[in-house]
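Raw data.cif, mmCIF, C-alpha atoms:
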data_coords
loop_
_atom_site.label_atom_id
_atom_site.label_comp_id
_atom_site.auth_asym_id
_atom_site.auth_seq_id
_atom_site.Cartn_x
_atom_site.Cartn_y
_atom_site.Cartn_z
CA MET A 56 -13.07 -28.62 -39.84
CA ASN A 57 -14.80 -28.22 -36.58
CA LYS A 58 -11.87 -27.72 -34.24
CA LYS A 59 -8.30 -26.48 -34.77
CA LEU A 60 -9.76 -24.19 -37.28
CA ILE A 61 -7.96 -22.75 -40.16
CA LEU A 62 -7.26 -19.10 -39.59
CA MET A 63 -10.13 -17.24 -41.06
CA LEU A 64 -8.34 -14.15 -42.11
CA ALA A 65 -11.43 -12.52 -43.43
CA GLY A 66 -10.46 -9.11 -44.72
CA LEU A 67 -13.34 -8.06 -42.49
CA GLY A 68 -10.85 -6.90 -39.94
CA ILE A 69 -10.16 -3.45 -41.17
CA ALA A 70 -13.75 -2.83 -42.23
CA PHE A 71 -14.88 -3.73 -38.74
CA SER A 72 -15.82 -1.06 -36.23
CA ALA A 73 -14.79 2.52 -36.50
CA PRO A 74 -11.35 3.35 -35.12
CA MET A 75 -9.17 2.58 -38.14
CA THR A 76 -9.42 3.82 -41.67
CA ALA A 77 -7.46 2.40 -44.57
CA SER A 78 -5.50 5.51 -45.49
CA ALA A 79 -4.70 6.55 -41.93
CA THR A 80 -1.06 7.08 -41.01
CA PRO A 81 0.31 5.38 -37.88
CA GLU A 82 0.20 8.80 -36.18
CA ASP A 83 -3.52 9.12 -37.01
CA ASP A 84 -4.11 5.58 -35.72
CA LEU A 85 -2.34 6.35 -32.47
CA LYS A 86 -4.36 9.50 -31.86
CA GLU A 87 -7.62 7.74 -32.62
CA PHE A 88 -6.78 4.64 -30.57
CA GLN A 89 -5.73 6.48 -27.44
CA GLY A 90 -8.58 8.97 -27.93
CA TYR A 91 -11.08 6.12 -28.00
CA PHE A 92 -9.95 4.87 -24.60
CA LYS A 93 -9.79 8.36 -23.15
CA LYS A 94 -13.45 8.71 -24.05
CA ARG A 95 -14.39 5.22 -22.87
CA PHE A 96 -12.55 5.46 -19.54
CA PRO A 97 -12.25 9.20 -18.86
CA THR A 98 -11.00 8.71 -15.28
CA VAL A 99 -8.09 6.45 -16.25
CA PRO A 100 -4.84 8.33 -17.01
CA LEU A 101 -2.73 7.02 -19.90
CA GLU A 102 0.11 6.04 -17.55
CA ALA A 103 -2.18 3.71 -15.58
CA TYR A 104 -2.90 1.36 -18.47
CA ASN A 105 0.20 -0.68 -17.66
CA ASP A 106 -1.84 -2.19 -14.81
CA GLY A 107 -4.10 -3.98 -17.27
CA VAL A 108 -7.61 -4.72 -16.10
CA ASN A 109 -6.71 -3.46 -12.62
CA ALA A 110 -6.73 0.08 -14.00
CA LEU A 111 -10.37 -0.02 -15.12
CA PRO A 112 -13.23 1.39 -13.03
CA GLN A 113 -15.26 -1.74 -13.89
CA TYR A 114 -12.73 -3.72 -11.87
CA ALA A 115 -12.79 -1.40 -8.84
CA ASP A 116 -14.64 -3.86 -6.61
CA ARG A 117 -11.89 -6.45 -7.03
CA VAL A 118 -8.75 -4.37 -7.28
CA GLY A 119 -8.20 -4.63 -3.52
CA ASN A 120 -7.26 -8.30 -3.86
CA TRP A 121 -4.66 -7.44 -6.44
CA GLU A 122 -3.25 -4.64 -4.30
CA LEU A 123 -2.91 -7.07 -1.40
CA LEU A 124 -1.15 -9.58 -3.64
CA MET A 125 1.27 -6.87 -4.75
CA GLU A 126 2.52 -6.40 -1.19
CA PHE A 127 4.40 -9.67 -1.59
CA PRO A 128 4.40 -10.19 -5.36
CA PRO A 129 4.59 -13.81 -6.50
CA TYR A 130 7.16 -12.97 -9.19
CA GLU A 131 10.01 -11.73 -6.98
CA ASP A 132 11.89 -14.98 -7.20
CA ASP A 133 11.79 -14.86 -11.01
CA VAL A 134 13.00 -11.27 -11.04
CA GLU A 135 16.05 -12.32 -9.00
CA LYS A 136 16.71 -15.30 -11.26
CA GLY A 137 16.48 -13.04 -14.31
CA GLU A 138 18.99 -10.57 -12.87
CA LYS A 139 21.34 -13.40 -12.03
CA LEU A 140 21.11 -14.83 -15.55
CA TRP A 141 21.64 -11.38 -17.04
CA ASN A 142 24.75 -10.77 -14.96
CA THR A 143 26.33 -14.22 -15.24
CA PRO A 144 29.20 -14.14 -17.78
CA PHE A 145 29.24 -16.52 -20.74
CA LYS A 146 32.09 -19.04 -21.03
CA ASN A 147 34.09 -16.40 -22.91
CA GLY A 148 33.78 -14.01 -19.95
CA LYS A 149 31.45 -11.54 -21.65
CA THR A 150 27.94 -10.74 -20.45
CA TYR A 151 24.59 -9.93 -22.09
CA ALA A 152 25.21 -6.27 -21.34
CA SER A 153 28.15 -6.31 -23.76
CA CYS A 154 25.79 -6.96 -26.68
CA PHE A 155 23.69 -3.85 -26.15
CA GLN A 156 24.36 -0.14 -26.37
CA ASN A 157 24.76 1.38 -22.93
CA GLY A 158 24.49 -2.12 -21.46
CA GLY A 159 20.82 -2.25 -22.52
CA LYS A 160 19.71 0.64 -20.29
CA GLY A 161 16.64 2.43 -21.60
CA LEU A 162 16.46 0.41 -24.81
CA ALA A 163 13.28 -1.58 -24.16
CA VAL A 164 11.04 1.43 -24.91
CA GLY A 165 12.08 1.20 -28.57
CA TYR A 166 11.36 -2.51 -29.17
CA PRO A 167 10.44 -3.99 -31.57
CA PHE A 168 12.29 -2.06 -34.30
CA TYR A 169 13.50 -2.61 -37.85
CA ASP A 170 17.24 -3.20 -38.17
CA LYS A 171 18.76 -2.22 -41.51
CA ASP A 172 21.85 -4.42 -41.11
CA SER A 173 20.08 -7.71 -40.48
CA LYS A 174 17.04 -6.59 -42.53
CA LYS A 175 14.79 -7.89 -39.79
CA MET A 176 12.40 -6.70 -37.14
CA ARG A 177 14.28 -7.05 -33.85
CA THR A 178 12.61 -8.22 -30.67
CA ILE A 179 14.18 -8.46 -27.23
CA GLU A 180 13.93 -12.26 -27.35
CA ALA A 181 15.69 -12.42 -30.73
CA ASP A 182 18.46 -10.07 -29.59
CA ILE A 183 19.05 -12.03 -26.40
CA ASN A 184 19.43 -15.21 -28.40
CA GLU A 185 21.65 -13.53 -30.96
CA CYS A 186 23.83 -12.27 -28.14
CA ARG A 187 24.19 -15.83 -26.87
CA VAL A 188 25.09 -17.20 -30.28
CA ARG A 189 27.62 -14.43 -30.93
CA ASN A 190 29.30 -15.40 -27.68
CA GLY A 191 29.44 -19.09 -28.43
CA GLU A 192 26.39 -20.18 -26.45
CA GLU A 193 23.35 -22.16 -27.60
CA PRO A 194 20.22 -20.08 -28.19
CA ILE A 195 17.42 -20.54 -25.65
CA LYS A 196 14.87 -22.80 -27.30
CA ASN A 197 11.76 -22.03 -25.31
CA LEU A 198 10.56 -18.55 -26.23
CA ASN A 199 7.34 -18.76 -24.25
CA HIS A 200 8.36 -19.15 -20.60
CA GLY A 201 11.21 -20.00 -18.23
CA GLU A 202 14.69 -18.53 -18.68
CA MET A 203 13.89 -16.45 -21.74
CA ALA A 204 11.00 -14.79 -19.92
CA GLN A 205 13.27 -14.17 -16.91
CA LEU A 206 15.93 -12.59 -19.13
CA VAL A 207 13.42 -10.37 -20.94
CA ILE A 208 12.21 -9.22 -17.53
CA ALA A 209 15.80 -8.34 -16.55
CA PHE A 210 16.29 -6.47 -19.84
CA LYS A 211 13.03 -4.54 -19.64
CA ARG A 212 13.69 -3.61 -16.02
CA LEU A 213 16.67 -1.61 -17.30
CA SER A 214 13.91 0.67 -18.70
CA GLN A 215 11.48 0.31 -15.81
CA GLY A 216 9.11 3.27 -15.58
CA GLN A 217 10.23 4.73 -18.90
CA LYS A 218 7.60 5.52 -21.52
CA MET A 219 7.16 3.40 -24.62
CA ALA A 220 8.55 5.22 -27.67
CA VAL A 221 8.68 2.87 -30.64
CA LYS A 222 9.82 4.55 -33.88
CA LEU A 223 8.46 3.64 -37.30
CA ASN A 224 11.28 5.30 -39.21
CA SER A 225 11.65 3.03 -42.22
CA PRO A 226 9.29 1.72 -44.89
CA GLU A 227 9.95 -1.80 -43.58
CA ALA A 228 8.87 -0.83 -40.07
CA VAL A 229 5.72 0.79 -41.41
CA ALA A 230 4.96 -2.32 -43.47
CA ALA A 231 5.33 -4.51 -40.38
CA TYR A 232 3.13 -2.09 -38.46
CA GLU A 233 0.40 -2.37 -41.11
CA LYS A 234 0.64 -6.15 -40.98
CA GLY A 235 0.25 -6.07 -37.19
CA LYS A 236 -2.69 -3.71 -37.43
CA GLN A 237 -4.37 -6.03 -39.91
CA PHE A 238 -3.80 -8.95 -37.54
CA TYR A 239 -5.27 -6.99 -34.65
CA TRP A 240 -8.50 -6.07 -36.42
CA ALA A 241 -9.09 -9.23 -38.50
CA ARG A 242 -11.52 -11.81 -37.26
CA ARG A 243 -10.16 -15.30 -36.89
CA GLY A 244 -10.94 -18.79 -35.66
CA GLN A 245 -14.18 -20.69 -35.45
CA LEU A 246 -15.47 -18.19 -32.92
CA ASN A 247 -14.82 -15.34 -35.34
CA PHE A 248 -13.25 -12.85 -32.93
CA SER A 249 -10.70 -10.19 -33.65
CA CYS A 250 -8.44 -8.97 -30.86
CA ALA A 251 -10.37 -5.69 -31.09
CA ASN A 252 -13.79 -7.33 -30.63
CA CYS A 253 -12.96 -8.03 -27.01
CA HIS A 254 -10.29 -5.53 -26.04
CA VAL A 255 -11.44 -2.42 -27.90
CA GLN A 256 -15.16 -2.83 -28.54
CA ASN A 257 -15.90 -4.60 -25.24
CA ALA A 258 -13.10 -3.42 -22.94
CA GLY A 259 -14.47 -3.15 -19.41
CA ASN A 260 -17.42 -5.42 -20.13
CA LYS A 261 -17.86 -8.74 -18.44
CA ILE A 262 -17.25 -12.05 -20.15
CA ARG A 263 -18.94 -14.34 -17.68
CA GLY A 264 -17.31 -13.30 -14.38
CA ASP A 265 -14.18 -11.75 -15.88
CA VAL A 266 -13.70 -8.15 -16.91
CA LEU A 267 -12.14 -7.68 -20.36
CA SER A 268 -8.98 -5.60 -20.18
CA ALA A 269 -8.35 -2.63 -22.46
CA ALA A 270 -6.15 -3.05 -25.54
CA LEU A 271 -4.29 0.07 -24.51
CA GLY A 272 -1.27 -0.90 -22.41
CA HIS A 273 -1.26 -4.53 -23.53
CA GLY A 274 2.38 -5.60 -23.57
CA THR A 275 3.80 -2.95 -21.24
CA GLY A 276 3.63 -5.38 -18.31
CA PHE A 277 5.04 -8.39 -20.17
CA PRO A 278 6.56 -10.84 -19.46
CA VAL A 279 3.95 -11.45 -16.78
CA TYR A 280 3.41 -13.78 -13.90
CA ARG A 281 0.03 -15.28 -14.71
CA THR A 282 -1.94 -17.03 -12.02
CA LYS A 283 -3.55 -19.33 -14.59
CA TRP A 284 -0.12 -20.40 -15.85
CA ALA A 285 1.13 -20.93 -12.30
CA GLN A 286 -1.23 -23.90 -12.03
CA SER A 287 0.99 -25.79 -14.46
CA ASN A 288 4.18 -24.54 -12.76
CA LYS A 289 5.10 -22.27 -15.65
CA PRO A 290 3.85 -18.96 -14.29
CA LEU A 291 5.94 -16.64 -16.47
CA GLY A 292 5.06 -15.91 -20.04
CA THR A 293 6.25 -13.71 -22.88
CA ILE A 294 3.77 -11.65 -24.87
CA HIS A 295 3.91 -14.19 -27.70
CA ARG A 296 2.87 -16.95 -25.31
CA ARG A 297 -0.20 -14.90 -24.52
CA TYR A 298 -0.94 -14.29 -28.21
CA GLY A 299 -0.89 -18.05 -28.76
CA GLY A 300 -3.33 -18.59 -25.89
CA CYS A 301 -5.67 -15.93 -27.25
CA ASN A 302 -5.63 -17.47 -30.71
CA LYS A 303 -6.46 -20.88 -29.27
CA GLN A 304 -9.32 -19.49 -27.23
CA VAL A 305 -11.04 -18.25 -30.37
CA ARG A 306 -10.35 -21.70 -31.87
CA ALA A 307 -7.73 -20.54 -34.34
CA ALA A 308 -4.33 -22.15 -34.74
CA ALA A 309 -1.70 -20.61 -32.47
CA LEU A 310 1.37 -19.34 -34.31
CA LYS A 311 4.93 -19.93 -33.14
CA PRO A 312 6.49 -17.38 -30.81
CA GLN A 313 8.66 -14.94 -32.77
CA SER A 314 6.78 -15.69 -36.00
CA ASP A 315 6.56 -12.69 -38.34
CA SER A 316 2.87 -12.20 -37.62
CA TYR A 317 3.33 -12.09 -33.84
CA VAL A 318 6.30 -9.75 -34.14
CA ALA A 319 4.17 -7.46 -36.33
CA LEU A 320 1.33 -7.65 -33.80
CA GLU A 321 3.75 -6.81 -31.00
CA LEU A 322 4.96 -3.81 -33.00
CA TYR A 323 1.42 -2.55 -33.57
CA GLN A 324 0.61 -2.86 -29.87
CA ALA A 325 3.92 -1.35 -28.78
CA TYR A 326 3.31 1.67 -31.00
CA MET A 327 -0.24 2.09 -29.67
CA ASN A 328 1.31 2.11 -26.17
CA THR A 329 3.41 5.18 -26.93
CA GLY A 330 3.72 7.19 -23.71
CA ILE A 331 2.84 4.35 -21.32
CA PRO A 332 5.59 3.44 -18.85
CA ILE A 333 7.08 -0.06 -18.78
CA LYS A 334 6.13 -2.00 -15.64
CA VAL A 335 7.74 -5.42 -15.65
CA PRO A 336 6.94 -8.00 -14.58
CA SER A 337 3.25 -7.64 -13.88
CA GLN A 338 0.82 -10.08 -12.38
CA ARG A 339 -2.18 -11.09 -14.43
CA GLN A 340 -4.98 -13.59 -13.95
CA MET B 230 -48.98 -11.85 -14.55
CA ARG B 231 -48.52 -8.16 -14.08
CA LYS B 232 -46.53 -8.79 -10.91
CA THR B 233 -44.25 -11.27 -12.65
CA PHE B 234 -43.69 -8.83 -15.43
CA SER B 235 -42.66 -6.05 -13.10
CA ILE B 236 -40.24 -8.34 -11.27
CA VAL B 237 -38.72 -9.40 -14.55
CA THR B 238 -38.29 -5.87 -15.85
CA THR B 239 -36.83 -4.72 -12.57
CA ALA B 240 -34.36 -7.54 -12.70
CA GLY B 241 -33.62 -6.70 -16.32
CA ALA B 242 -33.01 -3.07 -15.51
CA ALA B 243 -30.74 -3.95 -12.60
CA LEU B 244 -28.76 -6.29 -14.82
CA LEU B 245 -28.54 -3.73 -17.57
CA ALA B 246 -27.04 -1.39 -15.00
CA GLY B 247 -24.36 -3.98 -14.51
CA ASN B 248 -25.52 -5.16 -11.11
CA LEU B 249 -25.02 -8.84 -11.65
CA ALA B 250 -25.25 -9.77 -8.00
CA MET B 251 -29.01 -9.24 -8.16
CA MET B 252 -29.91 -12.62 -9.64
CA PRO B 253 -33.48 -13.64 -8.84
CA VAL B 254 -33.42 -16.46 -6.33
CA ALA B 255 -34.53 -19.75 -7.79
CA VAL B 256 -37.62 -21.40 -6.42
CA ALA B 257 -36.70 -24.86 -5.16
CA GLY B 258 -37.92 -27.66 -7.39
CA ASP B 259 -38.88 -25.25 -10.12
CA SER B 260 -35.51 -24.18 -11.41
CA LEU B 261 -33.70 -24.91 -14.66
CA PRO B 262 -30.99 -27.58 -14.52
CA THR B 263 -27.36 -26.68 -13.90
CA ASP B 264 -24.71 -27.82 -16.36
CA LYS B 265 -24.03 -30.88 -14.23
CA GLU B 266 -27.73 -31.73 -14.01
CA CYS B 267 -28.03 -31.30 -17.78
CA GLY B 268 -25.52 -34.11 -18.23
CA LYS B 269 -27.66 -36.46 -16.18
CA LEU B 270 -30.99 -35.71 -17.85
CA GLU B 271 -32.36 -38.82 -19.54
CA LYS B 272 -35.27 -37.15 -21.22
CA ALA B 273 -35.73 -33.47 -21.82
CA ASP B 274 -38.08 -31.35 -23.87
CA ALA B 275 -36.76 -29.10 -26.62
CA ALA B 276 -36.70 -26.00 -24.41
CA THR B 277 -34.69 -27.72 -21.68
CA LYS B 278 -32.30 -29.13 -24.26
CA GLY B 279 -31.93 -25.61 -25.62
CA TRP B 280 -31.13 -24.25 -22.15
CA CYS B 281 -28.57 -27.02 -21.63
CA THR B 282 -26.82 -26.16 -24.90
CA MET B 283 -26.86 -22.49 -23.95
CA ILE B 284 -25.13 -22.94 -20.61
CA ASN B 285 -22.56 -25.50 -21.79
CA ARG B 286 -19.23 -23.70 -22.11
CA LYS B 287 -18.11 -25.83 -25.02
CA LYS B 288 -21.34 -25.39 -26.94
CA GLY B 289 -23.38 -22.19 -26.83
CA ASN B 290 -21.71 -20.66 -23.79
CA CYS B 291 -24.32 -17.94 -24.20
CA LEU B 292 -23.99 -16.84 -20.58
CA ALA B 293 -20.44 -15.68 -21.27
CA CYS B 294 -22.01 -12.63 -22.91
CA HIS B 295 -25.76 -12.63 -22.19
CA ASP B 296 -27.78 -12.70 -19.05
CA VAL B 297 -30.89 -14.86 -19.09
CA VAL B 298 -33.63 -13.11 -17.18
CA THR B 299 -35.59 -15.91 -15.55
CA MET B 300 -37.10 -16.70 -12.18
CA LYS B 301 -35.83 -20.25 -12.67
CA TRP B 302 -32.11 -19.48 -12.52
CA PRO B 303 -30.57 -22.55 -10.84
CA ALA B 304 -28.76 -22.06 -7.56
CA GLY B 305 -25.02 -22.46 -7.98
CA LEU B 306 -24.86 -21.36 -11.63
CA PRO B 307 -22.46 -18.41 -11.81
CA ALA B 308 -23.69 -15.03 -13.00
CA SER B 309 -23.45 -14.17 -16.65
CA GLY B 310 -21.50 -11.59 -18.64
CA ASN B 311 -22.85 -8.34 -20.06
CA ILE B 312 -21.32 -8.08 -23.53
CA GLY B 313 -24.59 -8.77 -25.33
CA PRO B 314 -28.09 -7.62 -24.37
CA PRO B 315 -29.94 -9.59 -21.65
CA LEU B 316 -32.20 -12.32 -22.99
CA VAL B 317 -35.62 -11.23 -21.86
CA SER B 318 -39.09 -10.95 -23.43
CA MET B 319 -37.79 -12.70 -26.51
CA LYS B 320 -41.18 -13.34 -28.04
CA ALA B 321 -42.01 -9.65 -27.89
CA ARG B 322 -38.62 -8.63 -29.22
CA PHE B 323 -38.58 -11.23 -31.99
CA PRO B 324 -42.18 -11.86 -33.06
CA ASP B 325 -40.73 -13.52 -36.16
CA LYS B 326 -39.15 -16.76 -34.97
CA ALA B 327 -37.09 -17.07 -38.15
CA LYS B 328 -35.42 -13.75 -37.40
CA LEU B 329 -34.41 -14.93 -33.94
CA ARG B 330 -33.01 -18.12 -35.41
CA ALA B 331 -31.10 -16.18 -38.08
CA GLN B 332 -29.61 -14.00 -35.37
CA ILE B 333 -28.11 -17.06 -33.65
CA TRP B 334 -27.09 -18.66 -36.93
CA ASP B 335 -25.05 -15.59 -37.95
CA ALA B 336 -25.54 -12.26 -36.21
CA THR B 337 -23.04 -10.54 -38.50
CA VAL B 338 -25.60 -10.61 -41.34
CA ALA B 339 -27.83 -8.10 -39.57
CA ASN B 340 -24.89 -6.22 -38.04
CA PRO B 341 -21.39 -6.71 -39.48
CA ASN B 342 -19.89 -5.19 -36.33
CA SER B 343 -21.54 -7.69 -34.02
CA SER B 344 -19.05 -9.60 -31.92
CA MET B 345 -21.47 -12.53 -31.62
CA ILE B 346 -20.17 -15.88 -32.80
CA PRO B 347 -21.81 -17.12 -36.04
CA PHE B 348 -22.97 -20.34 -34.38
CA GLY B 349 -24.65 -21.81 -37.45
CA ARG B 350 -22.41 -20.56 -40.23
CA TYR B 351 -19.24 -21.80 -38.50
CA LYS B 352 -20.95 -24.96 -37.18
CA VAL B 353 -20.14 -24.21 -33.54
CA ILE B 354 -23.37 -25.97 -32.59
CA SER B 355 -25.76 -28.08 -34.66
CA GLU B 356 -28.86 -26.91 -36.51
CA SER B 357 -31.10 -28.82 -34.08
CA ASP B 358 -29.25 -27.21 -31.13
CA ILE B 359 -30.17 -23.84 -32.62
CA ASP B 360 -33.82 -24.90 -32.97
CA ASN B 361 -33.88 -25.97 -29.33
CA ILE B 362 -32.35 -22.69 -28.19
CA VAL B 363 -35.01 -20.76 -30.11
CA THR B 364 -37.69 -22.87 -28.39
CA PHE B 365 -36.19 -22.07 -24.99
CA LEU B 366 -35.79 -18.37 -25.73
CA TYR B 367 -39.50 -18.16 -26.61
CA THR B 368 -40.31 -19.23 -23.05
CA LEU B 369 -38.60 -16.11 -21.65
#
Once more with this new file: its structure as structure tokens, please.
Amino acid sequence: MNKKLILMLAGLGIAFSAPMTASATPEDDLKEFQGYFKKRFPTVPLEAYNDGVNALPQYADRVGNWELLMEFPPYEDDVEKGEKLWNTPFKNGKTYASCFQNGGKGLAVGYPFYDKDSKKMRTIEADINECRVRNGEEPIKNLNHGEMAQLVIAFKRLSQGQKMAVKLNSPEAVAAYEKGKQFYWARRGQLNFSCANCHVQNAGNKIRGDVLSAALGHGTGFPVYRTKWAQSNKPLGTIHRRYGGCNKQVRAAALKPQSDSYVALELYQAYMNTGIPIKVPSQRQ
Amino acid sequence: MRKTFSIVTTAGAALLAGNLAMMPVAVAGDSLPTDKECGKLEKADAATKGWCTMINRKKGNCLACHDVVTMKWPAGLPASGNIGPPLVSMKARFPDKAKLRAQIWDATVANPNSSMIPFGRYKVISESDIDNIVTFLYTL
């Protein structure tokens, strides 16, 4: 009972803290969410939130180190590998680009989305694997790091600098959005934290020596090169890898990457990021 | 006494302003143990045990969110976070010891929006750990 705690999905989540009300539409949520951060960090423009904690005034005394690091970013090698993977034909001669409209250009701003044909929420990871299977290749098993992360980077870079514009244009998409919102605001784990406790309520505050990043923009820089992950030689990570780490830190069970709950969470965050440009990969601590 | 008080409040104000570099310098031989030193203590009074539980990252990890305003801050212990209020003048702020204990046991009773971990309710630390922490906090 003490460790590996059962998820404590106390319905508390939605009741907690102001920003969300039960009957609010996604449009209302978006306005309130972005408005909250505009008030909390009035000097930070919406477009800058793709830099994570580096964008916050509370981090100003350390941002110089990050800027120096960005002169020779540690992820360049992975970007090249991703491009190479993306452009290498399958055994049948086709490429990843053949699976996507317009070769995948500009599509990342609309992920995740609900697909009426497969009756599923589509993520970039799922579509990359489906593309492989359709062309007679094995799906990539590891959805947390390595080749999949490199490929997602290559795909998202086809939309580099374009603003997030997820559409919730079906009842199924709205249902997934509501599920993600619930996940975001519900407290979980033995430590009883919701995502919002740290990244909305306490964004910019210090947890020991670290500054808590703002919820706004979370995901726009993913997959990321994370310095912490580099210590175990797996520096790249998808957004679902990060979700798993967060869940573990609050002593809740991590869910599998691409599980329905994480896809819903990704959708909620992606929608909240409407208008923020994609910047992939990014470096994070 | 008056002098000590003014130093403490100045430190508190500085910390409240987010200036965490301003930790009071510990007086040699009269400082609280570091986490490492806590592990080597053979005998300790309740207050020291409480402090040791507070600074242990796998137990209280109180410093993740709260500063402890003390002249006995051990050299080498990293500065604290600022999510919760600084722990200072606890006796004056919580004249009722039971209320202070209840706050650690489950802060969401008094304030459902509190992001503080319900240390007692979710058994993050033991009941006697909580007692020891209360004893230590009353020395501040």
Find the spatial neighbours of Asn290 (chain B), counting only C-alpha atoms, within a cut-off of 10 Å - ignore same-chain residues fewer than 5 positions away - and output them as a list in words.
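Near Asn290 (chain B), the qualifying residues are Arg263 of chain A; Cys281, Thr282, Met283, Ile284, Asn285, His295 and Ser309 of chain B.
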Applied to this file, what does the PyMOL selection byres ((chain A and resi 158-173) around 7) return in terms of residues, put as a list in words?
Ala152, Ser153, Phe155, Gln156, Asn157, Lys174, Lys175, Met176, Arg177, Thr178, Ile179, Phe210, Lys211, Leu213, Ser214, Gln217, Lys218, Met219, Ala220, Val221, Lys222, Glu227, Ala228 and Leu322 of chain A
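Note that the spacing between CA of Glu193 (chain A) and CA of Ile333 (chain A) amounts to 28.8 Å.
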Restricting the calculation to all atoms listed in the file, which member of A:Gln324, A:Asn302, A:Thr275, A:Ser249 is positioned closest to Asn105 (chain A)?
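Comparing A:Gln324, A:Asn302, A:Thr275, A:Ser249 against Asn105 (chain A), the winner is A:Thr275.
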Proximity to Leu206 (chain A) - best of A:Arg242, A:Lys136, A:Arg296, A:Arg339, all atoms listed in the file
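Among A:Arg242, A:Lys136, A:Arg296, A:Arg339, it is A:Lys136 that comes nearest to Leu206 (chain A).
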Using all atoms listed in the file and a distance of at most 8 Å, pull out the residues of chain A that contact chain B, as a list of chain:residue names.
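Output check: A:Asn57, A:Phe71, A:Ser72, A:Gln245, A:Leu246, A:Asn247, A:Phe248, A:Asn252, A:Cys253, A:Asn257, A:Asn260, A:Lys261, A:Ile262, A:Arg263, A:Gly264, A:Asp265.
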Suppose a student applies the PyMOL selection byres ((chain B and resi 301) around 6) to this structure; what residues should they get, written as an NGL selection string?
:B and (255 or 260-261 or 299-300 or 302)
Mind checking which residues fall within 9 Å of Ser318 (chain B), counting only C-alpha atoms, ignoring those fewer than 4 positions away in the same chain, and posting them as a PyMOL selection string?
chain B and resi 298+322-323+366-369
Work out how far apart CA of Gln286 (chain A) and CA of Cys250 (chain A) are and give it in Å to one decimal.
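Computing it gives 25.1 Å between the two atoms.
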Please write the residues picked by the PyMOL selection byres ((chain A and resi 109-115) around 12) on this file as a compact mmCIF listing (two decimals) with C-alpha atoms, in the coordinates of the input.
# COMPACT_ATOMS: atom_id res chain seq x y z
CA PHE A 92 -9.95 4.87 -24.60
CA LYS A 93 -9.79 8.36 -23.15
CA ARG A 95 -14.39 5.22 -22.87
CA PHE A 96 -12.55 5.46 -19.54
CA PRO A 97 -12.25 9.20 -18.86
CA THR A 98 -11.00 8.71 -15.28
CA VAL A 99 -8.09 6.45 -16.25
CA PRO A 100 -4.84 8.33 -17.01
CA LEU A 101 -2.73 7.02 -19.90
CA GLU A 102 0.11 6.04 -17.55
CA ALA A 103 -2.18 3.71 -15.58
CA TYR A 104 -2.90 1.36 -18.47
CA ASN A 105 0.20 -0.68 -17.66
CA ASP A 106 -1.84 -2.19 -14.81
CA GLY A 107 -4.10 -3.98 -17.27
CA VAL A 108 -7.61 -4.72 -16.10
CA ASP A 116 -14.64 -3.86 -6.61
CA ARG A 117 -11.89 -6.45 -7.03
CA VAL A 118 -8.75 -4.37 -7.28
CA GLY A 119 -8.20 -4.63 -3.52
CA ASN A 120 -7.26 -8.30 -3.86
CA TRP A 121 -4.66 -7.44 -6.44
CA GLU A 122 -3.25 -4.64 -4.30
CA MET A 125 1.27 -6.87 -4.75
CA ASN A 257 -15.90 -4.60 -25.24
CA ALA A 258 -13.10 -3.42 -22.94
CA GLY A 259 -14.47 -3.15 -19.41
CA ASN A 260 -17.42 -5.42 -20.13
CA LYS A 261 -17.86 -8.74 -18.44
CA GLY A 264 -17.31 -13.30 -14.38
CA ASP A 265 -14.18 -11.75 -15.88
CA VAL A 266 -13.70 -8.15 -16.91
CA LEU A 267 -12.14 -7.68 -20.36
CA SER A 268 -8.98 -5.60 -20.18
CA ALA A 269 -8.35 -2.63 -22.46
CA ALA A 270 -6.15 -3.05 -25.54
CA LEU A 271 -4.29 0.07 -24.51
CA GLY A 272 -1.27 -0.90 -22.41
CA HIS A 273 -1.26 -4.53 -23.53
CA GLY A 276 3.63 -5.38 -18.31
CA SER A 337 3.25 -7.64 -13.88
CA GLN A 338 0.82 -10.08 -12.38
CA ARG A 339 -2.18 -11.09 -14.43
CA GLN A 340 -4.98 -13.59 -13.95
CA ALA B 246 -27.04 -1.39 -15.00
CA GLY B 247 -24.36 -3.98 -14.51
CA ASN B 248 -25.52 -5.16 -11.11
CA ASN B 311 -22.85 -8.34 -20.06
For a test of reading the model, state the distance in Å between CA of Gly279 (chain B) and CA of Phe365 (chain B), rounded to one decimal.
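If I compute the distance from CA of Gly279 (chain B) to CA of Phe365 (chain B), I get 5.6 Å.
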Write out as a VMD selection string the residues lying within 10 Å of Lys326 (chain B), counting all atoms listed in the file and excluding same-chain residues fewer than 2 positions away.
chain B and resid 319 to 320 322 to 324 328 to 332 360 363 to 364 366 to 367
For the residues in the current selection, export C-alpha atoms as a short mmCIF file (atom, residue, chain, number, x, y, z; two decimals), keeping the file's coordinate frame.
data_model
loop_
_atom_site.label_atom_id
_atom_site.label_comp_id
_atom_site.auth_asym_id
_atom_site.auth_seq_id
_atom_site.Cartn_x
_atom_site.Cartn_y
_atom_site.Cartn_z
CA MET B 319 -37.79 -12.70 -26.51
CA LYS B 320 -41.18 -13.34 -28.04
CA ARG B 322 -38.62 -8.63 -29.22
CA PHE B 323 -38.58 -11.23 -31.99
CA PRO B 324 -42.18 -11.86 -33.06
CA LYS B 328 -35.42 -13.75 -37.40
CA LEU B 329 -34.41 -14.93 -33.94
CA ARG B 330 -33.01 -18.12 -35.41
CA ALA B 331 -31.10 -16.18 -38.08
CA GLN B 332 -29.61 -14.00 -35.37
CA ASP B 360 -33.82 -24.90 -32.97
CA VAL B 363 -35.01 -20.76 -30.11
CA THR B 364 -37.69 -22.87 -28.39
CA LEU B 366 -35.79 -18.37 -25.73
CA TYR B 367 -39.50 -18.16 -26.61
#
